[in-house]
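One structure below.
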Amino acid sequence: MLNYFLRRLLGLIPMFLVISFISFTIIQLPPGDFITTKIAQLAAAGDAGSAARVELLREQYGLTGNFFVRYWNWLSGIVVGDFGVSAMFEGAQVSTLIADGFLFTILLGGVSLAAAWGLAIAIGIYSATHRYGIADYSFTFLGFIGLAVPPFLTSLLYVFAAVFIFGADQVGGLYSPEFRDAPWSWARLADLAQHMWFPVGVLTLAGMAGTMRIMRGSLLDVLNQQYIATARAKGLPERTVILKHGARVAINPLISRLSMIIPDLFSNVIIVSVVLNLPTLGPLFLRSLLGQDMYVAGAILLILAVFVLVGNLLADLALAWSDPRIRLE
């Protein structure tokens, strides 16, 4: 298992280099940059010396040199944990700007992933063993809703209902106003948990919708196999047959899908955070794109791409753990 893990881990290195190059290229595609916009604003305000500051500002924020020089400087800094400085935030370190948002992104994504996977497996098993019943049709309808309605639309409907129907004064955020800048305490943690339920619910519904349908279909196929009939013929309890012999094999397609669920879930975290003004990487990513802050946008885009690599690695390791034939290939 260790050799398999090391092989998969080493295989991620060239993938990371390719993704970093693509991320940097995407950030460079729009014409101009933050300095160009800033200089144009100064010139429009009547600052005659603005043109002379261009090269000085570009050198200060690491925007000089050709494309490959800038990419190498950016990549070599990332290796040692230096994501550069932000032009939009007047020279602040990018790593400092994204630190808090990254933690909240991991928190929301991790809780939603655990909830989505746990509920999807449980609902899929129940639907497969109670198919064509009222509960099965209800869960099927819920799954179709989760697949058809994007998370940002669900968030907008929540904001509309909270403001125009229930008359809420404040919608969004993860804290009440009195806890927003307060030091950590049990009261602040309780307030955070109280505000997390809706974004976690939206993300969980989006994450489990397709997964529970796959679990249901996979388990139905497995329950028709001959070894399941043999287990029942031996007199094993039905619960043991379903959970130990059926679900263990039926869960493999879900593990393979984990590589797609993780990046998709964290992308939804970014989008929902923009709608609900959550302190994750979402609002910062949008501001950096609109302001053409290359280093902030590039760092966040690279982090999202790394989630794809992590999802693939976790899926491969989980498959190797559940099916020994994979790690022996």
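Identifiers in this document derive from the order of the structure tokens: chains are assigned A, B, ..., residues are numbered from 1 separately in each chain, and ligands are numbered from 1 in order of occurrence.
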Neighbour list for Thr129 (chain A) as a CSV table (one decimal) with C-alpha atoms, in the first residue's frame, cut-off 9 Å, only C-alpha atoms, skip fewer than 2 positions in-chain:
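out.csv was written with the following content:
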chain,number,residue,atom,x,y,z
A,124,GLY,CA,-29.0,4.8,-1.5
A,125,ILE,CA,-29.0,1.7,0.6
A,126,TYR,CA,-32.5,2.3,1.9
A,127,SER,CA,-33.9,3.1,-1.6
A,131,ARG,CA,-37.5,0.3,-4.0
A,216,ARG,CA,-28.9,2.9,-5.3
A,219,LEU,CA,-26.4,-1.8,-5.0
A,220,LEU,CA,-29.4,-3.1,-7.0
A,242,ILE,CA,-26.8,-6.0,2.6
key: Selection: 10 Å around region 23-32 of chain A, only C-alpha atoms, excl. self and same-chain fewer than 2 positions, as a ChimeraX atom specification   = /A:17-21,34-37,67-68,70-71,74-75,289,292-305
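Proximity of A:Gly11, A:Gly91, A:Pro279, A:Gly173 to Phe198 (chain A), computed with only C-alpha atoms, is greatest for A:Gly173.
In terms of minimum interatomic distance to Ala318 (chain A), A:Leu258 ranks closest within A:Leu258, A:Ala231, A:Leu9, A:Leu97, counting only C-alpha atoms.
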Query raised in the report: Near region 155-160 of chain A, counting only C-alpha atoms, which residues have an atom at most 8 Å away, once you skip same-chain residues fewer than 2 positions from it, shown as a list in words?
Result: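 Using only C-alpha atoms, the neighbours found are Pro151, Phe152, Leu153, Ala162, Val163, Phe164, Ile165, Val171, Gly172, Pro199, Val202, Val272, Val275 and Leu276 of chain A.
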Report as a list in words all protein, DNA and RNA residues lying within 9 Å of Phe179 (chain A), evaluated on only C-alpha atoms, omitting residues in the same chain fewer than 5 positions from it.
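Contacts, in chain order: Trp184, Ala187, Arg188, Asp191 and Leu192 of chain A.
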The residue from A:Ala115, A:Leu309, A:Leu142, A:Val94 with the smallest atom-to-atom distance to Gly210 (chain A), counting only C-alpha atoms, is A:Leu142
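Within 6 Å of region 262-271 of chain A, once only C-alpha atoms are used and residues closer than 3 positions along the same chain are dropped, the contacting residues are A:Gly109, A:Val274, A:Gly282, A:Phe307, A:Val308, A:Gly311.
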- Tell me, as a PyMOL selection string, which residues lie within 12 Å of Gln93 (chain A), counting only C-alpha atoms; anything in the same chain fewer than 3 positions away does not count. chain A and resi 61+77+81-90+96-99+295-296+299
N, CA and C atoms of the current selection, written as a JSON list (two decimals), in the first residue's frame:
[["chain", "number", "residue", "atom", "x", "y", "z"],
["A", 61, "TYR", "N", 5.56, 45.22, -7.80],
["A", 61, "TYR", "CA", 4.62, 44.11, -7.66],
["A", 61, "TYR", "C", 5.01, 42.90, -8.51],
["A", 77, "GLY", "N", 8.29, 30.96, -5.97],
["A", 77, "GLY", "CA", 7.82, 31.50, -4.70],
["A", 77, "GLY", "C", 6.79, 30.60, -4.04],
["A", 81, "GLY", "N", 6.16, 28.72, -0.23],
["A", 81, "GLY", "CA", 5.05, 29.31, 0.49],
["A", 81, "GLY", "C", 4.83, 30.78, 0.27],
["A", 82, "ASP", "N", 5.51, 31.37, -0.72],
["A", 82, "ASP", "CA", 5.37, 32.80, -1.02],
["A", 82, "ASP", "C", 4.51, 32.94, -2.28],
["A", 83, "PHE", "N", 3.27, 33.40, -2.12],
["A", 83, "PHE", "CA", 2.36, 33.56, -3.25],
["A", 83, "PHE", "C", 2.45, 34.95, -3.88],
["A", 84, "GLY", "N", 3.41, 35.76, -3.45],
["A", 84, "GLY", "CA", 3.57, 37.10, -4.00],
["A", 84, "GLY", "C", 2.83, 38.14, -3.17],
["A", 85, "VAL", "N", 2.78, 39.35, -3.69],
["A", 85, "VAL", "CA", 2.11, 40.46, -3.01],
["A", 85, "VAL", "C", 0.94, 40.94, -3.86],
["A", 86, "SER", "N", -0.04, 41.48, -3.19],
["A", 86, "SER", "CA", -1.25, 41.93, -3.85],
["A", 86, "SER", "C", -1.15, 43.40, -4.22],
["A", 87, "ALA", "N", -1.43, 43.71, -5.48],
["A", 87, "ALA", "CA", -1.46, 45.11, -5.90],
["A", 87, "ALA", "C", -2.74, 45.79, -5.45],
["A", 88, "MET", "N", -3.84, 45.07, -5.47],
["A", 88, "MET", "CA", -5.13, 45.64, -5.11],
["A", 88, "MET", "C", -5.19, 45.99, -3.62],
["A", 89, "PHE", "N", -4.50, 45.22, -2.80],
["A", 89, "PHE", "CA", -4.48, 45.45, -1.36],
["A", 89, "PHE", "C", -3.17, 46.11, -0.91],
["A", 90, "GLU", "N", -2.55, 46.86, -1.83],
["A", 90, "GLU", "CA", -1.41, 47.73, -1.53],
["A", 90, "GLU", "C", -0.24, 46.98, -0.90],
["A", 96, "THR", "N", -1.26, 35.82, 3.41],
["A", 96, "THR", "CA", -2.00, 36.36, 4.56],
["A", 96, "THR", "C", -3.44, 36.63, 4.20],
["A", 97, "LEU", "N", -3.69, 37.14, 2.98],
["A", 97, "LEU", "CA", -5.04, 37.48, 2.56],
["A", 97, "LEU", "C", -5.92, 36.24, 2.42],
["A", 98, "ILE", "N", -5.35, 35.14, 1.95],
["A", 98, "ILE", "CA", -6.16, 33.96, 1.68],
["A", 98, "ILE", "C", -6.18, 32.98, 2.84],
["A", 99, "ALA", "N", -5.45, 33.24, 3.91],
["A", 99, "ALA", "CA", -5.33, 32.27, 5.01],
["A", 99, "ALA", "C", -6.68, 32.00, 5.66],
["A", 295, "TYR", "N", -1.81, 37.98, -8.69],
["A", 295, "TYR", "CA", -1.28, 37.03, -7.73],
["A", 295, "TYR", "C", -2.37, 36.47, -6.83],
["A", 296, "VAL", "N", -3.33, 37.28, -6.41],
["A", 296, "VAL", "CA", -4.42, 36.77, -5.58],
["A", 296, "VAL", "C", -5.29, 35.81, -6.38],
["A", 299, "ALA", "N", -3.35, 32.54, -7.16],
["A", 299, "ALA", "CA", -3.20, 31.66, -6.01],
["A", 299, "ALA", "C", -4.48, 30.90, -5.72]]
